[in-house]
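Enquirer: Below is data_10.cif; it holds mmCIF, N, CA and C atoms.
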data_input
#
loop_
_atom_site.label_atom_id
_atom_site.label_comp_id
_atom_site.auth_asym_id
_atom_site.auth_seq_id
_atom_site.Cartn_x
_atom_site.Cartn_y
_atom_site.Cartn_z
N MET A 1 22.85 -21.81 21.51
CA MET A 1 22.11 -20.94 22.41
C MET A 1 23.07 -20.10 23.27
N ASN A 2 24.23 -20.62 23.55
CA ASN A 2 25.18 -19.87 24.38
C ASN A 2 26.17 -19.07 23.56
N ASN A 3 26.00 -19.01 22.26
CA ASN A 3 26.91 -18.28 21.39
C ASN A 3 26.67 -16.78 21.55
N PRO A 4 27.71 -16.00 21.91
CA PRO A 4 27.52 -14.56 22.11
C PRO A 4 27.11 -13.83 20.82
N ASP A 5 27.62 -14.28 19.67
CA ASP A 5 27.22 -13.63 18.40
C ASP A 5 25.73 -13.81 18.14
N PHE A 6 25.23 -14.97 18.45
CA PHE A 6 23.80 -15.24 18.29
C PHE A 6 22.97 -14.31 19.18
N HIS A 7 23.38 -14.16 20.42
CA HIS A 7 22.63 -13.30 21.34
C HIS A 7 22.72 -11.83 20.94
N ARG A 8 23.88 -11.42 20.41
CA ARG A 8 23.99 -10.04 19.89
C ARG A 8 23.05 -9.83 18.71
N ALA A 9 22.98 -10.83 17.83
CA ALA A 9 22.09 -10.72 16.66
C ALA A 9 20.63 -10.66 17.09
N ILE A 10 20.24 -11.46 18.05
CA ILE A 10 18.86 -11.43 18.54
C ILE A 10 18.59 -10.10 19.23
N GLY A 11 19.56 -9.57 19.98
CA GLY A 11 19.39 -8.26 20.61
C GLY A 11 19.22 -7.16 19.58
N ARG A 12 19.97 -7.25 18.48
CA ARG A 12 19.85 -6.26 17.41
C ARG A 12 18.47 -6.36 16.74
N ILE A 13 17.99 -7.58 16.52
CA ILE A 13 16.65 -7.76 15.95
C ILE A 13 15.60 -7.21 16.90
N ARG A 14 15.79 -7.43 18.19
CA ARG A 14 14.85 -6.93 19.19
C ARG A 14 14.80 -5.40 19.22
N ARG A 15 15.97 -4.76 19.16
CA ARG A 15 16.00 -3.29 19.13
C ARG A 15 15.32 -2.74 17.88
N ARG A 16 15.57 -3.38 16.75
CA ARG A 16 14.91 -2.95 15.50
C ARG A 16 13.41 -3.16 15.56
N HIS A 17 13.00 -4.19 16.26
CA HIS A 17 11.56 -4.46 16.45
C HIS A 17 10.90 -3.28 17.16
N TRP A 18 11.49 -2.84 18.25
CA TRP A 18 10.91 -1.72 19.01
C TRP A 18 10.97 -0.43 18.21
N LEU A 19 12.04 -0.21 17.49
CA LEU A 19 12.17 0.99 16.66
C LEU A 19 11.13 0.98 15.54
N HIS A 20 10.91 -0.18 14.95
CA HIS A 20 9.92 -0.29 13.88
C HIS A 20 8.52 0.08 14.39
N TYR A 21 8.17 -0.43 15.56
CA TYR A 21 6.86 -0.09 16.13
C TYR A 21 6.73 1.41 16.35
N ALA A 22 7.75 2.02 16.90
CA ALA A 22 7.68 3.46 17.18
C ALA A 22 7.58 4.27 15.90
N VAL A 23 8.42 3.98 14.93
CA VAL A 23 8.44 4.76 13.69
C VAL A 23 7.16 4.58 12.90
N GLN A 24 6.72 3.33 12.73
CA GLN A 24 5.51 3.13 11.93
C GLN A 24 4.27 3.68 12.64
N SER A 25 4.21 3.61 13.97
CA SER A 25 3.08 4.20 14.69
C SER A 25 3.04 5.70 14.49
N LEU A 26 4.20 6.35 14.56
CA LEU A 26 4.26 7.79 14.34
C LEU A 26 3.89 8.16 12.90
N LEU A 27 4.35 7.37 11.95
CA LEU A 27 4.01 7.64 10.55
C LEU A 27 2.50 7.49 10.30
N MET A 28 1.93 6.42 10.84
CA MET A 28 0.48 6.22 10.65
C MET A 28 -0.30 7.32 11.35
N GLY A 29 0.13 7.71 12.55
CA GLY A 29 -0.54 8.80 13.26
C GLY A 29 -0.45 10.11 12.51
N GLY A 30 0.72 10.40 11.97
CA GLY A 30 0.89 11.62 11.18
C GLY A 30 0.05 11.62 9.92
N LEU A 31 -0.03 10.46 9.27
CA LEU A 31 -0.85 10.34 8.07
C LEU A 31 -2.32 10.56 8.38
N VAL A 32 -2.79 9.98 9.48
CA VAL A 32 -4.20 10.15 9.85
C VAL A 32 -4.48 11.60 10.24
N LEU A 33 -3.57 12.24 10.96
CA LEU A 33 -3.77 13.65 11.31
C LEU A 33 -3.76 14.53 10.06
N ALA A 34 -2.88 14.24 9.12
CA ALA A 34 -2.87 15.01 7.87
C ALA A 34 -4.16 14.78 7.10
N MET A 35 -4.64 13.54 7.09
CA MET A 35 -5.89 13.23 6.41
C MET A 35 -7.06 13.93 7.11
N ARG A 36 -7.00 14.00 8.43
CA ARG A 36 -8.07 14.66 9.17
C ARG A 36 -8.16 16.14 8.81
N ARG A 37 -6.99 16.77 8.73
CA ARG A 37 -6.98 18.19 8.34
C ARG A 37 -7.52 18.37 6.93
N ALA A 38 -7.15 17.47 6.04
CA ALA A 38 -7.62 17.58 4.65
C ALA A 38 -9.13 17.35 4.56
N LEU A 39 -9.64 16.43 5.38
CA LEU A 39 -11.07 16.13 5.33
C LEU A 39 -11.92 17.21 6.00
N THR A 40 -11.38 17.83 7.03
CA THR A 40 -12.15 18.85 7.74
C THR A 40 -11.98 20.23 7.14
N ALA A 41 -11.04 20.37 6.23
CA ALA A 41 -10.85 21.68 5.59
C ALA A 41 -12.09 22.00 4.76
N THR A 42 -12.61 23.18 4.96
CA THR A 42 -13.78 23.58 4.19
C THR A 42 -13.31 24.29 2.93
N GLY A 43 -13.55 23.67 1.84
CA GLY A 43 -13.16 24.23 0.56
C GLY A 43 -14.37 24.28 -0.35
N PRO A 44 -14.17 24.71 -1.59
CA PRO A 44 -15.28 24.78 -2.52
C PRO A 44 -15.85 23.40 -2.86
N GLU A 45 -15.01 22.37 -2.86
CA GLU A 45 -15.47 21.03 -3.19
C GLU A 45 -15.02 20.07 -2.09
N PRO A 46 -15.87 19.11 -1.73
CA PRO A 46 -15.41 18.10 -0.77
C PRO A 46 -14.39 17.17 -1.44
N LEU A 47 -13.46 16.69 -0.64
CA LEU A 47 -12.46 15.78 -1.17
C LEU A 47 -13.11 14.45 -1.51
N PRO A 48 -12.64 13.80 -2.56
CA PRO A 48 -13.25 12.52 -2.94
C PRO A 48 -13.04 11.44 -1.87
N LEU A 49 -12.04 11.60 -1.03
CA LEU A 49 -11.78 10.61 0.01
C LEU A 49 -12.84 10.63 1.09
N SER A 50 -13.53 11.76 1.27
CA SER A 50 -14.50 11.87 2.35
C SER A 50 -15.83 11.22 2.00
N SER A 51 -15.99 10.77 0.77
CA SER A 51 -17.23 10.11 0.38
C SER A 51 -17.18 8.64 0.77
N GLY A 52 -18.31 7.99 0.73
CA GLY A 52 -18.39 6.56 1.06
C GLY A 52 -17.52 5.71 0.16
N PRO A 53 -17.60 5.88 -1.17
CA PRO A 53 -16.72 5.06 -2.04
C PRO A 53 -15.24 5.34 -1.82
N GLY A 54 -14.89 6.57 -1.49
CA GLY A 54 -13.48 6.89 -1.24
C GLY A 54 -12.97 6.18 0.00
N LEU A 55 -13.79 6.15 1.05
CA LEU A 55 -13.38 5.45 2.27
C LEU A 55 -13.34 3.95 2.04
N ALA A 56 -14.27 3.43 1.25
CA ALA A 56 -14.26 2.00 0.94
C ALA A 56 -13.01 1.64 0.14
N LEU A 57 -12.62 2.51 -0.77
CA LEU A 57 -11.41 2.29 -1.54
C LEU A 57 -10.17 2.30 -0.63
N LEU A 58 -10.14 3.20 0.32
CA LEU A 58 -9.04 3.27 1.28
C LEU A 58 -8.99 2.00 2.14
N ALA A 59 -10.14 1.56 2.62
CA ALA A 59 -10.19 0.33 3.42
C ALA A 59 -9.79 -0.88 2.60
N GLY A 60 -10.23 -0.94 1.35
CA GLY A 60 -9.85 -2.05 0.49
C GLY A 60 -8.36 -2.06 0.21
N GLY A 61 -7.77 -0.89 0.04
CA GLY A 61 -6.32 -0.81 -0.17
C GLY A 61 -5.55 -1.30 1.05
N ALA A 62 -6.02 -0.92 2.23
CA ALA A 62 -5.35 -1.39 3.46
C ALA A 62 -5.50 -2.91 3.59
N LEU A 63 -6.67 -3.44 3.23
CA LEU A 63 -6.88 -4.89 3.30
C LEU A 63 -5.97 -5.61 2.31
N LEU A 64 -5.85 -5.10 1.10
CA LEU A 64 -4.98 -5.72 0.11
C LEU A 64 -3.52 -5.65 0.54
N ALA A 65 -3.11 -4.54 1.12
CA ALA A 65 -1.74 -4.43 1.61
C ALA A 65 -1.49 -5.46 2.72
N GLY A 66 -2.45 -5.61 3.61
CA GLY A 66 -2.32 -6.60 4.68
C GLY A 66 -2.25 -8.02 4.15
N LEU A 67 -3.08 -8.34 3.16
CA LEU A 67 -3.05 -9.68 2.58
C LEU A 67 -1.73 -9.94 1.86
N GLY A 68 -1.21 -8.93 1.19
CA GLY A 68 0.09 -9.07 0.54
C GLY A 68 1.20 -9.32 1.54
N LEU A 69 1.17 -8.59 2.64
CA LEU A 69 2.19 -8.79 3.68
C LEU A 69 2.07 -10.18 4.30
N LEU A 70 0.83 -10.64 4.51
CA LEU A 70 0.62 -11.97 5.08
C LEU A 70 1.15 -13.05 4.14
N TRP A 71 0.88 -12.91 2.85
CA TRP A 71 1.36 -13.88 1.87
C TRP A 71 2.88 -13.92 1.88
N LEU A 72 3.50 -12.74 1.90
CA LEU A 72 4.96 -12.68 1.90
C LEU A 72 5.54 -13.28 3.18
N ARG A 73 4.90 -13.01 4.30
CA ARG A 73 5.38 -13.53 5.59
C ARG A 73 5.34 -15.06 5.61
N ARG A 74 4.29 -15.62 5.06
CA ARG A 74 4.18 -17.09 5.04
C ARG A 74 5.21 -17.74 4.13
N ARG A 75 5.72 -17.00 3.17
CA ARG A 75 6.72 -17.55 2.25
C ARG A 75 8.12 -17.54 2.86
N MET A 76 8.31 -16.83 3.95
CA MET A 76 9.63 -16.74 4.58
C MET A 76 9.77 -17.86 5.60
N VAL A 77 10.31 -18.97 5.16
CA VAL A 77 10.43 -20.15 6.00
C VAL A 77 11.90 -20.42 6.29
N PRO A 78 12.18 -21.07 7.40
CA PRO A 78 13.56 -21.40 7.73
C PRO A 78 14.06 -22.56 6.88
N ASN A 79 15.36 -22.64 6.76
CA ASN A 79 15.98 -23.74 6.05
C ASN A 79 17.26 -24.07 6.81
N LEU A 80 17.33 -25.24 7.37
CA LEU A 80 18.49 -25.62 8.17
C LEU A 80 19.75 -25.80 7.33
N ARG A 81 19.60 -25.84 6.02
CA ARG A 81 20.77 -25.94 5.14
C ARG A 81 21.41 -24.58 4.88
N ARG A 82 20.69 -23.52 5.18
CA ARG A 82 21.24 -22.17 5.02
C ARG A 82 22.26 -21.88 6.12
N ARG A 83 23.09 -20.89 5.87
CA ARG A 83 23.99 -20.43 6.93
C ARG A 83 23.16 -19.77 8.03
N ALA A 84 23.67 -19.75 9.22
CA ALA A 84 22.95 -19.19 10.37
C ALA A 84 22.65 -17.71 10.16
N GLU A 85 23.57 -16.97 9.57
CA GLU A 85 23.36 -15.54 9.35
C GLU A 85 22.20 -15.29 8.39
N GLU A 86 22.08 -16.14 7.38
CA GLU A 86 20.99 -15.98 6.42
C GLU A 86 19.65 -16.27 7.07
N ASN A 87 19.59 -17.31 7.91
CA ASN A 87 18.35 -17.60 8.62
C ASN A 87 17.98 -16.46 9.56
N LEU A 88 18.97 -15.84 10.19
CA LEU A 88 18.69 -14.69 11.06
C LEU A 88 18.14 -13.52 10.24
N ARG A 89 18.69 -13.30 9.04
CA ARG A 89 18.18 -12.23 8.18
C ARG A 89 16.74 -12.50 7.74
N VAL A 90 16.45 -13.75 7.40
CA VAL A 90 15.09 -14.12 7.02
C VAL A 90 14.15 -13.91 8.20
N TYR A 91 14.60 -14.30 9.39
CA TYR A 91 13.78 -14.13 10.59
C TYR A 91 13.51 -12.65 10.86
N GLN A 92 14.55 -11.81 10.70
CA GLN A 92 14.35 -10.38 10.92
C GLN A 92 13.38 -9.81 9.89
N SER A 93 13.49 -10.20 8.65
CA SER A 93 12.56 -9.74 7.62
C SER A 93 11.14 -10.19 7.93
N ARG A 94 11.03 -11.41 8.41
CA ARG A 94 9.71 -11.93 8.79
C ARG A 94 9.12 -11.13 9.95
N MET A 95 9.97 -10.73 10.88
CA MET A 95 9.50 -9.93 12.00
C MET A 95 9.03 -8.55 11.54
N VAL A 96 9.74 -7.96 10.58
CA VAL A 96 9.33 -6.66 10.05
C VAL A 96 7.95 -6.78 9.40
N LEU A 97 7.74 -7.83 8.62
CA LEU A 97 6.43 -8.02 8.00
C LEU A 97 5.35 -8.28 9.04
N GLN A 98 5.67 -9.08 10.05
CA GLN A 98 4.70 -9.34 11.11
C GLN A 98 4.35 -8.05 11.85
N ASN A 99 5.34 -7.22 12.13
CA ASN A 99 5.09 -5.95 12.79
C ASN A 99 4.19 -5.07 11.95
N SER A 100 4.45 -5.03 10.65
CA SER A 100 3.63 -4.22 9.76
C SER A 100 2.18 -4.70 9.77
N LEU A 101 1.99 -6.00 9.77
CA LEU A 101 0.63 -6.55 9.83
C LEU A 101 -0.06 -6.18 11.14
N LEU A 102 0.65 -6.34 12.23
CA LEU A 102 0.06 -6.02 13.53
C LEU A 102 -0.23 -4.53 13.66
N LEU A 103 0.63 -3.70 13.11
CA LEU A 103 0.40 -2.26 13.16
C LEU A 103 -0.79 -1.85 12.30
N LEU A 104 -1.03 -2.57 11.21
CA LEU A 104 -2.21 -2.29 10.39
C LEU A 104 -3.50 -2.59 11.16
N SER A 105 -3.42 -3.48 12.15
CA SER A 105 -4.62 -3.79 12.93
C SER A 105 -5.08 -2.60 13.77
N GLY A 106 -4.20 -1.66 14.06
CA GLY A 106 -4.59 -0.48 14.81
C GLY A 106 -5.10 0.66 13.94
N LEU A 107 -5.04 0.48 12.63
CA LEU A 107 -5.48 1.54 11.72
C LEU A 107 -6.95 1.91 11.88
N PRO A 108 -7.88 0.97 12.08
CA PRO A 108 -9.27 1.39 12.29
C PRO A 108 -9.45 2.31 13.51
N LEU A 109 -8.68 2.06 14.56
CA LEU A 109 -8.77 2.93 15.74
C LEU A 109 -8.26 4.33 15.41
N LEU A 110 -7.17 4.39 14.67
CA LEU A 110 -6.64 5.70 14.26
C LEU A 110 -7.61 6.42 13.33
N LEU A 111 -8.21 5.68 12.42
CA LEU A 111 -9.17 6.30 11.51
C LEU A 111 -10.41 6.78 12.26
N ALA A 112 -10.82 6.04 13.28
CA ALA A 112 -11.96 6.48 14.08
C ALA A 112 -11.64 7.80 14.77
N TYR A 113 -10.40 7.93 15.22
CA TYR A 113 -10.01 9.21 15.81
C TYR A 113 -9.92 10.29 14.75
N GLY A 114 -9.32 9.95 13.62
CA GLY A 114 -9.12 10.94 12.57
C GLY A 114 -10.40 11.44 11.94
N LEU A 115 -11.36 10.56 11.75
CA LEU A 115 -12.59 10.95 11.06
C LEU A 115 -13.67 11.47 12.00
N VAL A 116 -13.76 10.88 13.19
CA VAL A 116 -14.84 11.23 14.12
C VAL A 116 -14.32 12.05 15.30
N GLY A 117 -13.04 11.93 15.58
CA GLY A 117 -12.47 12.63 16.74
C GLY A 117 -12.70 11.87 18.03
N SER A 118 -12.78 10.54 17.96
CA SER A 118 -13.05 9.71 19.12
C SER A 118 -11.79 9.56 19.98
N LEU A 119 -11.79 10.20 21.14
CA LEU A 119 -10.64 10.09 22.04
C LEU A 119 -10.49 8.69 22.63
N PRO A 120 -11.59 7.97 22.95
CA PRO A 120 -11.39 6.58 23.42
C PRO A 120 -10.69 5.70 22.38
N ALA A 121 -10.95 5.94 21.10
CA ALA A 121 -10.27 5.16 20.06
C ALA A 121 -8.78 5.49 20.06
N LEU A 122 -8.43 6.74 20.23
CA LEU A 122 -7.02 7.13 20.28
C LEU A 122 -6.34 6.52 21.51
N LEU A 123 -7.01 6.55 22.64
CA LEU A 123 -6.44 5.94 23.85
C LEU A 123 -6.28 4.43 23.68
N ALA A 124 -7.27 3.80 23.05
CA ALA A 124 -7.18 2.35 22.81
C ALA A 124 -6.00 2.04 21.90
N TYR A 125 -5.76 2.88 20.90
CA TYR A 125 -4.61 2.71 20.00
C TYR A 125 -3.31 2.87 20.77
N MET A 126 -3.26 3.86 21.65
CA MET A 126 -2.05 4.12 22.42
C MET A 126 -1.76 2.99 23.42
N VAL A 127 -2.78 2.27 23.85
CA VAL A 127 -2.57 1.13 24.73
C VAL A 127 -2.26 -0.12 23.91
N LEU A 128 -2.93 -0.28 22.77
CA LEU A 128 -2.78 -1.47 21.95
C LEU A 128 -1.37 -1.63 21.38
N MET A 129 -0.77 -0.55 20.92
CA MET A 129 0.52 -0.66 20.24
C MET A 129 1.63 -1.18 21.15
N PRO A 130 1.83 -0.65 22.36
CA PRO A 130 2.88 -1.23 23.21
C PRO A 130 2.58 -2.67 23.63
N VAL A 131 1.30 -2.99 23.80
CA VAL A 131 0.94 -4.36 24.17
C VAL A 131 1.29 -5.32 23.03
N LEU A 132 0.94 -4.94 21.80
CA LEU A 132 1.29 -5.78 20.65
C LEU A 132 2.81 -5.90 20.49
N ALA A 133 3.51 -4.80 20.70
CA ALA A 133 4.97 -4.84 20.58
C ALA A 133 5.57 -5.78 21.62
N ARG A 134 5.06 -5.73 22.82
CA ARG A 134 5.58 -6.60 23.88
C ARG A 134 5.26 -8.07 23.61
N LEU A 135 4.05 -8.34 23.14
CA LEU A 135 3.65 -9.73 22.89
C LEU A 135 4.38 -10.35 21.70
N SER A 136 4.76 -9.53 20.74
CA SER A 136 5.40 -10.07 19.54
C SER A 136 6.91 -9.84 19.52
N ALA A 137 7.49 -9.45 20.64
CA ALA A 137 8.93 -9.18 20.69
C ALA A 137 9.72 -10.45 20.40
N PRO A 138 10.73 -10.35 19.55
CA PRO A 138 11.54 -11.52 19.23
C PRO A 138 12.42 -11.92 20.40
N SER A 139 12.70 -13.20 20.48
CA SER A 139 13.58 -13.73 21.52
C SER A 139 14.34 -14.92 20.95
N ALA A 140 15.33 -15.37 21.68
CA ALA A 140 16.10 -16.52 21.22
C ALA A 140 15.22 -17.76 21.15
N GLU A 141 14.33 -17.91 22.11
CA GLU A 141 13.44 -19.08 22.12
C GLU A 141 12.47 -19.04 20.94
N ALA A 142 11.93 -17.85 20.66
CA ALA A 142 11.01 -17.73 19.52
C ALA A 142 11.73 -18.01 18.21
N TYR A 143 12.97 -17.55 18.10
CA TYR A 143 13.75 -17.82 16.90
C TYR A 143 13.98 -19.31 16.73
N GLN A 144 14.32 -19.98 17.81
CA GLN A 144 14.57 -21.42 17.71
C GLN A 144 13.30 -22.19 17.37
N ARG A 145 12.17 -21.77 17.94
CA ARG A 145 10.89 -22.41 17.58
C ARG A 145 10.61 -22.23 16.10
N TRP A 146 10.86 -21.01 15.59
CA TRP A 146 10.64 -20.74 14.16
C TRP A 146 11.59 -21.58 13.31
N LEU A 147 12.84 -21.68 13.74
CA LEU A 147 13.84 -22.43 12.98
C LEU A 147 13.48 -23.90 12.89
N LEU A 148 12.92 -24.44 13.92
CA LEU A 148 12.58 -25.87 13.94
C LEU A 148 11.16 -26.14 13.47
N SER A 149 10.44 -25.11 13.07
CA SER A 149 9.04 -25.29 12.68
C SER A 149 8.88 -26.01 11.34
N ARG A 150 9.87 -26.03 10.52
CA ARG A 150 9.77 -26.69 9.21
C ARG A 150 10.59 -27.93 9.16
#
If you took the structure in this file and wrote it as structure tokens, what would it be?

Expert:
Amino acid sequence: MNNPDFHRAIGRIRRRHWLHYAVQSLLMGGLVLAMRRALTATGPEPLPLSSGPGLALLAGGALLAGLGLLWLRRRMVPNLRRRAEENLRVYQSRMVLQNSLLLLSGLPLLLAYGLVGSLPALLAYMVLMPVLARLSAPSAEAYQRWLLSR
């Protein structure tokens, strides 16, 4: 716990955690805004995504992606026989998957803004993301709990 290399590694994981939240939130927001423009564009034919089955297919794809990430996250377990650096890498990968799962939870709010133009949904998303990032931020104590969990 008092090893400076360990604390540097946890600090690096923590910085990447915050960067991941920012980048993925911006990417999801950009995707929803691009989708909104495509859906609201008046053309000769409506886009297949704007129909009920198209939206159901999109929601099902997001659900399957989330389930895949959850399955992968559960498979990333600590092993005390591994070197410490390898366990830190597994922990960081697990955090990336956890962040992706948590960020997918805000997708319905973004879609509500993108499809309906609901400003309260956008504000709720803007409040939810930093709160989730703060609550799931990695720490030395959380790493040690994870390491001793198996």

Enquirer: As an exercise, work out the distance from atom CA of Leu58 of chain A to atom CA of Met76 of chain A in Å and give it to one decimal place.

Expert: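 Taking atom CA of Leu58 of chain A and atom CA of Met76 of chain A, their separation equals 27.6 Å.
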
Enquirer: Any idea what's packed within 8 Å of Met28 of chain A, counting all atoms listed in the file, ignoring anything in its chain fewer than 5 positions away? Could you give it as a count of residues only?

Expert: 6

Enquirer: For a quick check of understanding, using all atoms listed in the file, which of A:Leu123, A:Leu69, A:Gly114, A:Ile10 has the smallest distance to Gln98 of chain A?

Expert: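 Of A:Leu123, A:Leu69, A:Gly114, A:Ile10, the one nearest Gln98 of chain A, counting all atoms listed in the file, is A:Leu69.
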
Enquirer: Counting all atoms listed in the file, figure out which residue out of A:Ala137, A:Val127, A:His17, A:Gly11 gets nearest to Val96 of chain A.

Expert: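 That would be A:His17, the residue with the smallest distance to Val96 of chain A.
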
Enquirer: Counting all atoms listed in the file, which of A:Val32, A:Leu122, A:Ala133, A:Glu141 gets nearest to Trp18 of chain A?

Expert: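 Closest candidate: A:Ala133.
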
Enquirer: Between atom CA of Arg94 of chain A and atom C of Arg73 of chain A, what is the distance in Å, rounded to a tenth?

Expert: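 Spanning atom CA of Arg94 of chain A to atom C of Arg73 of chain A is a straight-line distance of 6.2 Å.
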
Enquirer: Can you work out the spacing between atom CA of Leu57 of chain A and atom CA of Ala124 of chain A in Å, to one decimal?

Expert: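 Atom-to-atom, atom CA of Leu57 of chain A and atom CA of Ala124 of chain A are spaced 24.7 Å apart.
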
Enquirer: In terms of the shortest atom-to-atom distance over only N, CA and C atoms, which of A:Arg150, A:His20, A:Arg14, A:Arg75 is closest to Ser100 of chain A?

Expert: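 Between A:Arg150, A:His20, A:Arg14, A:Arg75, the residue approaching Ser100 of chain A most closely is A:His20.
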
Enquirer: Mind listing the helix (DSSP H, G or I) residues of chain A, per DSSP on the backbone, as a VMD selection string?

Expert: chain A and resid 4 to 40 48 to 50 52 to 75 84 to 104 107 to 116 119 to 135 140 to 147

Enquirer: Using only N, CA and C atoms, find the one residue out of A:Gly60, A:Leu104, A:Leu119, A:Tyr143 that sits nearest to Tyr91 of chain A.

Expert: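 Of the candidates, the smallest distance to Tyr91 of chain A is held by A:Tyr143.
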
Enquirer: For segment 65-84 of chain A, take all atoms listed in the file, fit an axis-aligned box around them, add 8 Å to each of the six sides, then output centre and edge lengths in Å rounded to one decimal, as AutoDock Vina command-line options.

Expert:
--center_x 10.4 --center_y -15.2 --center_z 5.5 --size_x 43.1 --size_y 37.5 --size_z 25.8

Enquirer: What's the 12 Å shell around Tyr125 of chain A, counting only C-alpha atoms, without same-chain residues fewer than 5 positions away, as a PyMOL selection string?

Expert: chain A and resi 25-26+28-29+102-114+118-120+130-132
